[in-house]
$ cat start36.pdb   # PDB, C-alpha atoms, pLDDT in the B column
ATOM      1  CA  MET A  11      23.299 -20.406 -14.656  1.00 54.00           C
ATOM      2  CA  ALA A  12      23.352 -23.364 -17.041  1.00 62.00           C
ATOM      3  CA  PRO A  13      21.284 -23.045 -20.259  1.00 67.00           C
ATOM      4  CA  ALA A  14      19.042 -25.930 -19.200  1.00 69.00           C
ATOM      5  CA  LYS A  15      18.365 -24.243 -15.867  1.00 68.00           C
ATOM      6  CA  GLU A  16      17.595 -20.932 -17.584  1.00 69.00           C
ATOM      7  CA  LYS A  17      15.099 -22.639 -19.872  1.00 74.00           C
ATOM      8  CA  GLU A  18      13.449 -24.308 -16.877  1.00 73.00           C
ATOM      9  CA  GLU A  19      13.166 -20.950 -15.101  1.00 69.00           C
ATOM     10  CA  GLU A  20      11.670 -19.324 -18.200  1.00 74.00           C
ATOM     11  CA  LYS A  21       9.197 -22.190 -18.408  1.00 76.00           C
ATOM     12  CA  THR A  22       8.155 -21.648 -14.781  1.00 72.00           C
ATOM     13  CA  VAL A  23       7.734 -17.901 -15.255  1.00 70.00           C
ATOM     14  CA  LYS A  24       5.741 -18.473 -18.429  1.00 76.00           C
ATOM     15  CA  ALA A  25       3.470 -20.918 -16.586  1.00 75.00           C
ATOM     16  CA  ILE A  26       2.787 -18.402 -13.823  1.00 71.00           C
ATOM     17  CA  LYS A  27       2.126 -15.566 -16.274  1.00 72.00           C
ATOM     18  CA  SER A  28      -0.188 -17.826 -18.236  1.00 76.00           C
ATOM     19  CA  MET A  29      -2.049 -18.693 -15.037  1.00 70.00           C
ATOM     20  CA  ALA A  30      -2.418 -14.994 -14.230  1.00 68.00           C
ATOM     21  CA  GLU A  31      -3.944 -14.328 -17.642  1.00 73.00           C
ATOM     22  CA  TYR A  32      -6.263 -17.319 -17.260  1.00 72.00           C
ATOM     23  CA  ILE A  33      -7.578 -16.125 -13.882  1.00 67.00           C
ATOM     24  CA  GLU A  34      -8.123 -12.582 -15.162  1.00 66.00           C
ATOM     25  CA  ASN A  35      -9.920 -13.862 -18.268  1.00 70.00           C
ATOM     26  CA  GLU A  36     -12.212 -16.090 -16.211  1.00 69.00           C
ATOM     27  CA  ILE A  37     -13.150 -13.175 -13.958  1.00 64.00           C
ATOM     28  CA  ALA A  38     -13.730 -10.979 -17.000  1.00 66.00           C
ATOM     29  CA  LYS A  39     -16.102 -13.602 -18.430  1.00 70.00           C
ATOM     30  CA  ALA A  40     -18.062 -13.650 -15.190  1.00 67.00           C
ATOM     31  CA  ILE A  41     -18.461  -9.910 -14.680  1.00 65.00           C
ATOM     32  CA  GLY A  42     -17.811  -8.431 -18.108  1.00 63.00           C
ATOM     33  CA  ASN A  43     -14.815  -7.115 -19.968  1.00 58.00           C
ATOM     34  CA  GLU A  44     -14.717  -3.802 -18.103  1.00 61.00           C
ATOM     35  CA  LEU A  45     -13.522  -4.641 -14.604  1.00 57.00           C
ATOM     36  CA  PRO A  46     -14.560  -2.137 -11.903  1.00 57.00           C
ATOM     37  CA  CYS A  47     -10.984  -1.914 -10.646  1.00 55.00           C
ATOM     38  CA  GLN A  48      -7.556  -3.248 -11.467  1.00 54.00           C
ATOM     39  CA  LEU A  49      -6.782  -6.805 -10.403  1.00 57.00           C
ATOM     40  CA  GLY A  50      -3.732  -7.746  -8.398  1.00 57.00           C
ATOM     41  CA  SER A  51      -1.239  -9.983 -10.148  1.00 60.00           C
ATOM     42  CA  VAL A  52      -0.954 -13.674  -9.310  1.00 60.00           C
ATOM     43  CA  LEU A  53       2.805 -13.038  -9.309  1.00 64.00           C
ATOM     44  CA  ARG A  54       2.348 -11.338  -5.944  1.00 61.00           C
ATOM     45  CA  ILE A  55       0.759 -14.390  -4.333  1.00 66.00           C
ATOM     46  CA  ALA A  56       2.923 -16.108  -1.728  1.00 69.00           C
ATOM     47  CA  SER A  57       5.000 -18.823  -3.389  1.00 71.00           C
ATOM     48  CA  GLN A  58       3.731 -21.589  -1.099  1.00 73.00           C
ATOM     49  CA  TYR A  59       0.391 -21.398  -2.913  1.00 74.00           C
ATOM     50  CA  PHE A  60       1.864 -22.135  -6.348  1.00 72.00           C
ATOM     51  CA  SER A  61       1.606 -25.865  -5.682  1.00 75.00           C
ATOM     52  CA  ASN A  62      -2.185 -25.498  -5.701  1.00 75.00           C
ATOM     53  CA  TRP A  63      -1.855 -24.915  -9.448  1.00 68.00           C
ATOM     54  CA  GLY A  64       0.690 -27.661  -9.983  1.00 71.00           C
ATOM     55  CA  ILE A  65       3.643 -25.249 -10.136  1.00 71.00           C
ATOM     56  CA  LYS A  66       6.803 -26.291  -8.313  1.00 73.00           C
ATOM     57  CA  ILE A  67       9.768 -23.967  -7.855  1.00 72.00           C
ATOM     58  CA  ASP A  68      13.014 -24.173  -5.909  1.00 74.00           C
ATOM     59  CA  GLU A  69      14.938 -21.405  -4.140  1.00 76.00           C
ATOM     60  CA  ARG A  70      16.982 -20.494  -7.206  1.00 72.00           C
ATOM     61  CA  GLU A  71      13.889 -20.215  -9.376  1.00 71.00           C
ATOM     62  CA  LEU A  72      12.156 -18.207  -6.679  1.00 73.00           C
ATOM     63  CA  LYS A  73      14.914 -15.590  -6.783  1.00 71.00           C
ATOM     64  CA  GLY A  74      14.592 -15.475 -10.545  1.00 68.00           C
ATOM     65  CA  LEU A  75      10.886 -14.718 -10.187  1.00 73.00           C
ATOM     66  CA  GLU A  76      11.464 -11.798  -7.840  1.00 72.00           C
ATOM     67  CA  ARG A  77      12.024  -9.264 -10.598  1.00 72.00           C
ATOM     68  CA  TYR A  78       8.781 -10.335 -12.273  1.00 72.00           C
ATOM     69  CA  SER A  79       6.774  -9.938  -9.081  1.00 73.00           C
ATOM     70  CA  ILE A  80       8.218  -6.451  -8.488  1.00 71.00           C
ATOM     71  CA  GLU A  81       7.408  -5.517 -12.076  1.00 73.00           C
ATOM     72  CA  ALA A  82       3.843  -6.779 -11.646  1.00 70.00           C
ATOM     73  CA  TYR A  83       3.439  -4.772  -8.444  1.00 69.00           C
ATOM     74  CA  LYS A  84       4.625  -1.556 -10.093  1.00 71.00           C
ATOM     75  CA  ASN A  85       2.447  -2.125 -13.153  1.00 71.00           C
ATOM     76  CA  GLU A  86      -0.571  -2.708 -10.935  1.00 69.00           C
ATOM     77  CA  TRP A  87      -0.278   0.797  -9.495  1.00 68.00           C
ATOM     78  CA  GLU A  88       0.869   2.591 -12.622  1.00 64.00           C
ATOM     79  CA  ASN A  89      -2.616   3.432 -13.841  1.00 65.00           C
ATOM     80  CA  VAL A  90      -4.479   3.744 -10.550  1.00 70.00           C
ATOM     81  CA  ASP A  91      -6.951   6.619 -10.611  1.00 69.00           C
ATOM     82  CA  ALA A  92      -9.854   7.970  -8.579  1.00 67.00           C
ATOM     83  CA  ASP A  93     -12.187   5.285  -9.980  1.00 75.00           C
ATOM     84  CA  VAL A  94     -10.273   2.613  -8.053  1.00 73.00           C
ATOM     85  CA  TYR A  95     -10.904   4.356  -4.734  1.00 71.00           C
ATOM     86  CA  THR A  96     -14.552   4.875  -5.657  1.00 75.00           C
ATOM     87  CA  ALA A  97     -14.866   1.148  -6.397  1.00 75.00           C
ATOM     88  CA  ILE A  98     -13.322   0.274  -3.022  1.00 74.00           C
ATOM     89  CA  HIS A  99     -15.728   2.602  -1.224  1.00 74.00           C
ATOM     90  CA  GLU A 100     -18.722   1.139  -3.056  1.00 78.00           C
ATOM     91  CA  ALA A 101     -17.565  -2.420  -2.321  1.00 75.00           C
ATOM     92  CA  VAL A 102     -17.490  -1.664   1.406  1.00 75.00           C
ATOM     93  CA  ILE A 103     -21.032  -0.278   1.302  1.00 78.00           C
ATOM     94  CA  ASP A 104     -22.311  -3.161  -0.860  1.00 78.00           C
ATOM     95  CA  SER A 105     -20.866  -5.589   1.698  1.00 74.00           C
ATOM     96  CA  ASN A 106     -23.035  -3.991   4.412  1.00 75.00           C
ATOM     97  CA  LEU A 107     -19.965  -2.741   6.275  1.00 71.00           C
ATOM     98  CA  GLY A 108     -21.106   0.874   6.260  1.00 69.00           C
ATOM     99  CA  ASP A 109     -18.367   3.435   5.865  1.00 71.00           C
ATOM    100  CA  GLY A 110     -15.814   0.918   7.104  1.00 66.00           C
ATOM    101  CA  ASN A 111     -12.661   2.768   6.125  1.00 70.00           C
ATOM    102  CA  HIS A 112     -13.815   5.948   7.835  1.00 76.00           C
ATOM    103  CA  GLN A 113     -14.637   4.007  11.003  1.00 78.00           C
ATOM    104  CA  LEU A 114     -11.205   2.380  11.005  1.00 80.00           C
ATOM    105  CA  ASN A 115      -9.500   5.722  10.494  1.00 84.00           C
ATOM    106  CA  THR A 116     -11.511   7.292  13.314  1.00 86.00           C
ATOM    107  CA  GLU A 117     -10.469   4.585  15.770  1.00 87.00           C
ATOM    108  CA  ILE A 118      -6.840   4.691  14.642  1.00 88.00           C
ATOM    109  CA  ALA A 119      -6.861   8.488  15.009  1.00 91.00           C
ATOM    110  CA  LYS A 120      -8.031   8.268  18.619  1.00 91.00           C
ATOM    111  CA  PHE A 121      -5.393   5.702  19.493  1.00 90.00           C
ATOM    112  CA  ALA A 122      -2.557   7.469  17.649  1.00 91.00           C
ATOM    113  CA  SER A 123      -3.432  10.890  19.056  1.00 91.00           C
ATOM    114  CA  GLU A 124      -3.170   9.517  22.595  1.00 91.00           C
ATOM    115  CA  ILE A 125       0.344   8.258  21.864  1.00 90.00           C
ATOM    116  CA  ILE A 126       1.363  11.551  20.263  1.00 91.00           C
ATOM    117  CA  ALA A 127      -0.192  13.640  23.043  1.00 89.00           C
ATOM    118  CA  ASP A 128       1.814  11.678  25.594  1.00 88.00           C
ATOM    119  CA  LYS A 129       5.107  12.238  23.742  1.00 87.00           C
ATOM    120  CA  ILE A 130       4.792  15.652  22.150  1.00 87.00           C
ATOM    121  CA  CYS A 131       5.156  17.722  25.316  1.00 83.00           C
ATOM    122  CA  ARG A 132       8.643  16.347  25.978  1.00 86.00           C
ATOM    123  CA  MET A 133       9.964  15.989  22.407  1.00 87.00           C
ATOM    124  CA  GLU A 134      11.048  18.542  19.819  1.00 86.00           C
ATOM    125  CA  LYS A 135       9.237  16.660  17.081  1.00 90.00           C
ATOM    126  CA  ILE A 136       7.264  13.485  16.419  1.00 92.00           C
ATOM    127  CA  VAL A 137       8.184  11.526  13.286  1.00 93.00           C
ATOM    128  CA  MET A 138       5.458   9.293  11.897  1.00 92.00           C
ATOM    129  CA  ALA A 139       5.360   6.855   8.976  1.00 90.00           C
ATOM    130  CA  ASP A 140       2.143   6.042   7.128  1.00 90.00           C
ATOM    131  CA  ILE A 141       2.883   2.851   5.172  1.00 85.00           C
ATOM    132  CA  GLY A 142       0.469   2.109   2.361  1.00 82.00           C
ATOM    133  CA  ALA A 143      -0.866   5.617   2.834  1.00 85.00           C
ATOM    134  CA  GLY A 144      -3.380   5.568  -0.009  1.00 82.00           C
ATOM    135  CA  THR A 145      -4.799   9.064  -0.367  1.00 84.00           C
ATOM    136  CA  GLY A 146      -3.667  10.070   3.122  1.00 89.00           C
ATOM    137  CA  ASP A 147      -7.023   9.597   4.838  1.00 88.00           C
ATOM    138  CA  THR A 148      -5.595   7.795   7.873  1.00 90.00           C
ATOM    139  CA  SER A 149      -2.952  10.437   8.562  1.00 93.00           C
ATOM    140  CA  GLY A 150      -5.537  13.116   7.843  1.00 93.00           C
ATOM    141  CA  SER A 151      -7.781  11.658  10.545  1.00 93.00           C
ATOM    142  CA  ILE A 152      -4.880  11.563  13.002  1.00 94.00           C
ATOM    143  CA  LEU A 153      -3.905  15.168  12.273  1.00 95.00           C
ATOM    144  CA  ALA A 154      -7.512  16.312  12.642  1.00 95.00           C
ATOM    145  CA  GLU A 155      -7.694  14.636  16.046  1.00 94.00           C
ATOM    146  CA  ILE A 156      -4.373  16.189  17.111  1.00 94.00           C
ATOM    147  CA  LYS A 157      -5.536  19.629  15.990  1.00 94.00           C
ATOM    148  CA  THR A 158      -8.746  19.261  17.997  1.00 94.00           C
ATOM    149  CA  ARG A 159      -7.027  17.965  21.123  1.00 92.00           C
ATOM    150  CA  LEU A 160      -3.770  19.928  21.138  1.00 92.00           C
ATOM    151  CA  GLY A 161      -4.196  22.819  18.708  1.00 93.00           C
ATOM    152  CA  VAL A 162      -2.378  24.015  15.596  1.00 93.00           C
ATOM    153  CA  GLU A 163       0.957  24.482  17.389  1.00 92.00           C
ATOM    154  CA  ALA A 164       1.169  20.738  17.974  1.00 93.00           C
ATOM    155  CA  LEU A 165       0.944  20.102  14.225  1.00 94.00           C
ATOM    156  CA  LYS A 166       4.164  22.055  13.712  1.00 93.00           C
ATOM    157  CA  LYS A 167       6.037  19.420  15.710  1.00 93.00           C
ATOM    158  CA  ILE A 168       4.861  16.521  13.534  1.00 94.00           C
ATOM    159  CA  GLU A 169       6.711  15.127  10.514  1.00 94.00           C
ATOM    160  CA  ILE A 170       5.151  12.407   8.353  1.00 94.00           C
ATOM    161  CA  TYR A 171       6.621  10.010   5.801  1.00 90.00           C
ATOM    162  CA  PHE A 172       3.917   8.854   3.396  1.00 90.00           C
ATOM    163  CA  VAL A 173       4.912   5.504   1.874  1.00 85.00           C
ATOM    164  CA  GLU A 174       2.705   4.983  -1.176  1.00 82.00           C
ATOM    165  CA  PRO A 175       3.534   3.796  -4.730  1.00 78.00           C
ATOM    166  CA  ALA A 176       0.527   5.148  -6.651  1.00 79.00           C
ATOM    167  CA  ASP A 177       0.997   8.461  -8.473  1.00 80.00           C
ATOM    168  CA  GLU A 178      -2.674   9.403  -8.163  1.00 80.00           C
ATOM    169  CA  SER A 179      -2.602   8.791  -4.422  1.00 83.00           C
ATOM    170  CA  ASN A 180       0.485  10.944  -3.990  1.00 84.00           C
ATOM    171  CA  ILE A 181      -1.183  13.816  -5.821  1.00 86.00           C
ATOM    172  CA  GLN A 182      -4.108  13.608  -3.414  1.00 87.00           C
ATOM    173  CA  ILE A 183      -1.745  13.423  -0.423  1.00 91.00           C
ATOM    174  CA  LYS A 184       0.025  16.559  -1.637  1.00 91.00           C
ATOM    175  CA  ASN A 185      -3.285  18.397  -2.023  1.00 92.00           C
ATOM    176  CA  LEU A 186      -4.473  17.271   1.410  1.00 92.00           C
ATOM    177  CA  MET A 187      -1.333  18.460   3.169  1.00 94.00           C
ATOM    178  CA  LYS A 188      -1.050  21.722   1.255  1.00 93.00           C
ATOM    179  CA  LYS A 189      -4.671  22.772   1.738  1.00 94.00           C
ATOM    180  CA  THR A 190      -5.535  21.348   5.145  1.00 95.00           C
ATOM    181  CA  TYR A 191      -2.304  20.837   7.095  1.00 95.00           C
ATOM    182  CA  PRO A 192       0.316  23.303   5.796  1.00 95.00           C
ATOM    183  CA  GLU A 193       1.929  23.365   9.250  1.00 94.00           C
ATOM    184  CA  VAL A 194       3.024  19.726   8.999  1.00 95.00           C
ATOM    185  CA  ASN A 195       6.343  18.722   7.452  1.00 92.00           C
ATOM    186  CA  TYR A 196       6.019  15.666   5.245  1.00 92.00           C
ATOM    187  CA  GLN A 197       7.879  13.536   2.733  1.00 87.00           C
ATOM    188  CA  ARG A 198       6.585  11.116   0.142  1.00 83.00           C
ATOM    189  CA  VAL A 199       8.269   7.765  -0.478  1.00 75.00           C
ATOM    190  CA  MET A 200       6.746   6.715  -3.780  1.00 69.00           C
ATOM    191  CA  ALA A 201       7.439   2.989  -3.547  1.00 65.00           C
ATOM    192  CA  THR A 202       6.891   0.134  -1.127  1.00 62.00           C
ATOM    193  CA  ASP A 203       9.386  -2.399  -2.448  1.00 60.00           C
ATOM    194  CA  TYR A 204      12.158  -3.639  -0.177  1.00 61.00           C
ATOM    195  CA  ALA A 205      14.943  -1.538  -1.714  1.00 62.00           C
ATOM    196  CA  ASN A 206      13.083   1.705  -1.080  1.00 65.00           C
ATOM    197  CA  LEU A 207      11.904   0.745   2.388  1.00 68.00           C
ATOM    198  CA  GLN A 208      15.545   0.206   3.349  1.00 70.00           C
ATOM    199  CA  MET A 209      15.944   3.984   3.116  1.00 67.00           C
ATOM    200  CA  LEU A 210      13.726   4.240   6.187  1.00 68.00           C
ATOM    201  CA  LYS A 211      16.377   3.568   8.788  1.00 73.00           C
ATOM    202  CA  LYS A 212      15.814   1.807  12.083  1.00 75.00           C
ATOM    203  CA  ASN A 213      14.727   4.017  14.995  1.00 81.00           C
ATOM    204  CA  THR A 214      13.692   6.805  12.602  1.00 83.00           C
ATOM    205  CA  PHE A 215      10.046   6.864  13.655  1.00 89.00           C
ATOM    206  CA  ASP A 216       8.150   7.452  16.859  1.00 91.00           C
ATOM    207  CA  LEU A 217       4.945   6.053  15.378  1.00 90.00           C
ATOM    208  CA  VAL A 218       4.250   3.799  12.392  1.00 89.00           C
ATOM    209  CA  VAL A 219       0.728   3.587  10.984  1.00 89.00           C
ATOM    210  CA  SER A 220      -0.229   0.840   8.554  1.00 83.00           C
ATOM    211  CA  ASN A 221      -3.978   0.841   8.770  1.00 73.00           C
ATOM    212  CA  ALA A 222      -5.848  -2.060   7.171  1.00 59.00           C
ATOM    213  CA  VAL A 223      -8.577  -1.109   4.712  1.00 56.00           C
ATOM    214  CA  PHE A 224     -11.591  -2.868   3.254  1.00 53.00           C
ATOM    215  CA  HIS A 225     -10.980  -3.676  -0.401  1.00 51.00           C
ATOM    216  CA  HIS A 226     -13.285  -6.406  -1.578  1.00 42.00           C
ATOM    217  CA  HIS A 227     -16.842  -7.638  -1.625  1.00 34.00           C
ATOM    218  CA  SER A 228     -17.472 -10.205   1.122  1.00 28.00           C
TER     219      SER A 228
END
$ encode --input "start36.pdb" --output "structure tokens"
Amino acid sequence: MAPAKEKEEEKTVKAIKSMAEYIENEIAKAIGNELPCQLGSVLRIASQYFSNWGIKIDERELKGLERYSIEAYKNEWENVDADVYTAIHEAVIDSNLGDGNHQLNTEIAKFASEIIADKICRMEKIVMADIGAGTGDTSGSILAEIKTRLGVEALKKIEIYFVEPADESNIQIKNLMKKTYPEVNYQRVMATDYANLQMLKKNTFDLVVSNAVFHHHS
């Protein structure tokens, strides 16, 4: 890449990083210096929205920004702890949505267990992926429903891939599976970027769960 082009790319990246800092500072002014949970990076916002801030980038510059967006994503999850999940739970309640995540997981569990019940009698094993697994609550709800409907023996035929980048979440997933569902084989994929998701080959899974969760105040 020509020196002039490199300087232009650096200028664009600097502008976006500066905008990210500006947004975070403005929020901090409004609600105090101690934010209740970690903010997502503006670098992860879809590129078509950059023009709203007067930032224009071409395809070549966009590729150059990719490494920065991946870095921002990883940094966002590096220091996630239990307080983040507490803040999410409180935000749902404050928004008058009740225990929204639990309700979602309950409905997903009913639906998923019907699919598994239909397949499990004629298959040696059921392979499931939980993408964006968090602390494993969605899969935990599904396994609880399977155990109730089909018994412990059915759990032995289930294998789960937990796709989740946060270290704290993976610790909680490990504890959940070890203490509550020791019969179930599972693997943890501790990243959700494209390179790591490529390891999950086509036709590997019988069921993929990617349950939406409530994150923010309405």
$ closest_residue --input "start36.pdb" --among "A:Asp93, A:Glu100, A:Glu193, A:Glu69" --to "Glu163 of chain A" --atoms "all atoms listed in the file"
A:Glu193
$ atom_distance --input "start36.pdb" --atom1 "atom CA of Lys212 of chain A" --atom2 "atom CA of Phe172 of chain A"
16.3 Å
$ atom_distance --input "start36.pdb" --atom1 "atom CA of Thr158 of chain A" --atom2 "atom CA of Glu124 of chain A"
12.1 Å
$ resolve_selection --input "start36.pdb" --expression "the PyMOL selection byres ((chain A and resi 155) around 12)" --output "VMD selection string"
chain A and resid 115 to 127 148 to 154 156 to 162 164 to 165
$ atom_distance --input "start36.pdb" --atom1 "atom CA of Ala25 of chain A" --atom2 "atom CA of Ala82 of chain A"
15.0 Å
$ closest_residue --input "start36.pdb" --among "A:Asn35, A:Lys84, A:Glu71, A:Val199" --to "Val23 of chain A" --atoms "all atoms listed in the file"
A:Glu71
$ closest_residue --input "start36.pdb" --among "A:Ile26, A:Asp128, A:Leu114, A:Leu186" --to "Ser61 of chain A" --atoms "all atoms listed in the file"
A:Ile26
$ residues_near_point --input "start36.pdb" --point "(-6.1, 8.9, -4.9)" --cutoff "9 Å" --atoms "all atoms listed in the file" --output "list in words"
Val90, Asp91, Ala92, Asp93, Val94, Tyr95, Gly144, Thr145, Gly146, Ala176, Asp177, Glu178, Ser179, Asn180, Ile181, Gln182 and Ile183 of chain A
$ residues_around --input "start36.pdb" --residues "Asn213 of chain A" --least-positions-apart "6" --cutoff "12 Å" --atoms "all atoms listed in the file" --output "mmCIF file with C-alpha atoms, in the frame of the given file"
data_model
loop_
_atom_site.group_PDB
_atom_site.id
_atom_site.type_symbol
_atom_site.label_atom_id
_atom_site.label_comp_id
_atom_site.auth_asym_id
_atom_site.auth_seq_id
_atom_site.Cartn_x
_atom_site.Cartn_y
_atom_site.Cartn_z
ATOM 1 C CA VAL A 137 8.184 11.526 13.286
ATOM 2 C CA MET A 138 5.458 9.293 11.897
ATOM 3 C CA ALA A 139 5.360 6.855 8.976
#
$ closest_residue --input "start36.pdb" --among "A:Glu134, A:Glu18, A:Asp147, A:Glu174" --to "Lys66 of chain A" --atoms "all atoms listed in the file"
A:Glu18
$ residues_near_point --input "start36.pdb" --point "(5.2, 17.5, 17.3)" --cutoff "6 Å" --atoms "all atoms listed in the file" --output "number ranges by chain"
A: 130, 135-136, 164-168
$ build_atoms --input "start36.pdb" --residues "segment 145-153 of chain A" --atoms "all heavy atoms" --output "PDB file, in the coordinates of the input"
ATOM      1  N   THR A 145      -4.616   7.633  -0.098  1.00 84.00           N
ATOM      2  CA  THR A 145      -4.799   9.064  -0.367  1.00 84.00           C
ATOM      3  C   THR A 145      -4.548   9.924   0.869  1.00 84.00           C
ATOM      4  O   THR A 145      -4.843  11.114   0.868  1.00 84.00           O
ATOM      5  CB  THR A 145      -6.216   9.330  -0.900  1.00 84.00           C
ATOM      6  OG1 THR A 145      -7.169   8.813   0.034  1.00 84.00           O
ATOM      7  CG2 THR A 145      -6.422   8.661  -2.251  1.00 84.00           C
ATOM      8  N   GLY A 146      -4.021   9.309   1.924  1.00 89.00           N
ATOM      9  CA  GLY A 146      -3.667  10.070   3.122  1.00 89.00           C
ATOM     10  C   GLY A 146      -4.785  10.203   4.136  1.00 89.00           C
ATOM     11  O   GLY A 146      -4.668  10.973   5.099  1.00 89.00           O
ATOM     12  N   ASP A 147      -5.862   9.445   3.956  1.00 88.00           N
ATOM     13  CA  ASP A 147      -7.023   9.597   4.838  1.00 88.00           C
ATOM     14  C   ASP A 147      -6.716   9.238   6.293  1.00 88.00           C
ATOM     15  O   ASP A 147      -7.223   9.884   7.217  1.00 88.00           O
ATOM     16  CB  ASP A 147      -8.184   8.735   4.342  1.00 88.00           C
ATOM     17  CG  ASP A 147      -8.784   9.262   3.048  1.00 88.00           C
ATOM     18  OD1 ASP A 147      -8.502  10.427   2.709  1.00 88.00           O
ATOM     19  OD2 ASP A 147      -9.519   8.520   2.378  1.00 88.00           O
ATOM     20  N   THR A 148      -5.904   8.200   6.497  1.00 90.00           N
ATOM     21  CA  THR A 148      -5.595   7.795   7.873  1.00 90.00           C
ATOM     22  C   THR A 148      -4.806   8.879   8.594  1.00 90.00           C
ATOM     23  O   THR A 148      -5.154   9.291   9.706  1.00 90.00           O
ATOM     24  CB  THR A 148      -4.805   6.472   7.890  1.00 90.00           C
ATOM     25  OG1 THR A 148      -5.596   5.446   7.287  1.00 90.00           O
ATOM     26  CG2 THR A 148      -4.466   6.063   9.313  1.00 90.00           C
ATOM     27  N   SER A 149      -3.737   9.363   7.952  1.00 93.00           N
ATOM     28  CA  SER A 149      -2.952  10.437   8.562  1.00 93.00           C
ATOM     29  C   SER A 149      -3.788  11.698   8.723  1.00 93.00           C
ATOM     30  O   SER A 149      -3.650  12.426   9.713  1.00 93.00           O
ATOM     31  CB  SER A 149      -1.712  10.739   7.714  1.00 93.00           C
ATOM     32  OG  SER A 149      -0.766   9.704   7.848  1.00 93.00           O
ATOM     33  N   GLY A 150      -4.656  11.958   7.746  1.00 93.00           N
ATOM     34  CA  GLY A 150      -5.537  13.116   7.843  1.00 93.00           C
ATOM     35  C   GLY A 150      -6.432  13.043   9.069  1.00 93.00           C
ATOM     36  O   GLY A 150      -6.645  14.046   9.765  1.00 93.00           O
ATOM     37  N   SER A 151      -6.938  11.846   9.363  1.00 93.00           N
ATOM     38  CA  SER A 151      -7.781  11.658  10.545  1.00 93.00           C
ATOM     39  C   SER A 151      -6.985  11.873  11.826  1.00 93.00           C
ATOM     40  O   SER A 151      -7.474  12.476  12.788  1.00 93.00           O
ATOM     41  CB  SER A 151      -8.386  10.246  10.541  1.00 93.00           C
ATOM     42  OG  SER A 151      -9.246  10.067   9.438  1.00 93.00           O
ATOM     43  N   ILE A 152      -5.742  11.388  11.827  1.00 94.00           N
ATOM     44  CA  ILE A 152      -4.880  11.563  13.002  1.00 94.00           C
ATOM     45  C   ILE A 152      -4.573  13.040  13.227  1.00 94.00           C
ATOM     46  O   ILE A 152      -4.661  13.552  14.352  1.00 94.00           O
ATOM     47  CB  ILE A 152      -3.573  10.762  12.835  1.00 94.00           C
ATOM     48  CG1 ILE A 152      -3.873   9.259  12.842  1.00 94.00           C
ATOM     49  CG2 ILE A 152      -2.573  11.108  13.941  1.00 94.00           C
ATOM     50  CD1 ILE A 152      -2.687   8.387  12.477  1.00 94.00           C
ATOM     51  N   LEU A 153      -4.231  13.742  12.159  1.00 95.00           N
ATOM     52  CA  LEU A 153      -3.905  15.168  12.273  1.00 95.00           C
ATOM     53  C   LEU A 153      -5.115  15.985  12.719  1.00 95.00           C
ATOM     54  O   LEU A 153      -4.979  16.935  13.505  1.00 95.00           O
ATOM     55  CB  LEU A 153      -3.371  15.688  10.940  1.00 95.00           C
ATOM     56  CG  LEU A 153      -2.026  15.101  10.490  1.00 95.00           C
ATOM     57  CD1 LEU A 153      -1.668  15.591   9.096  1.00 95.00           C
ATOM     58  CD2 LEU A 153      -0.918  15.436  11.479  1.00 95.00           C
TER      59      LEU A 153
END
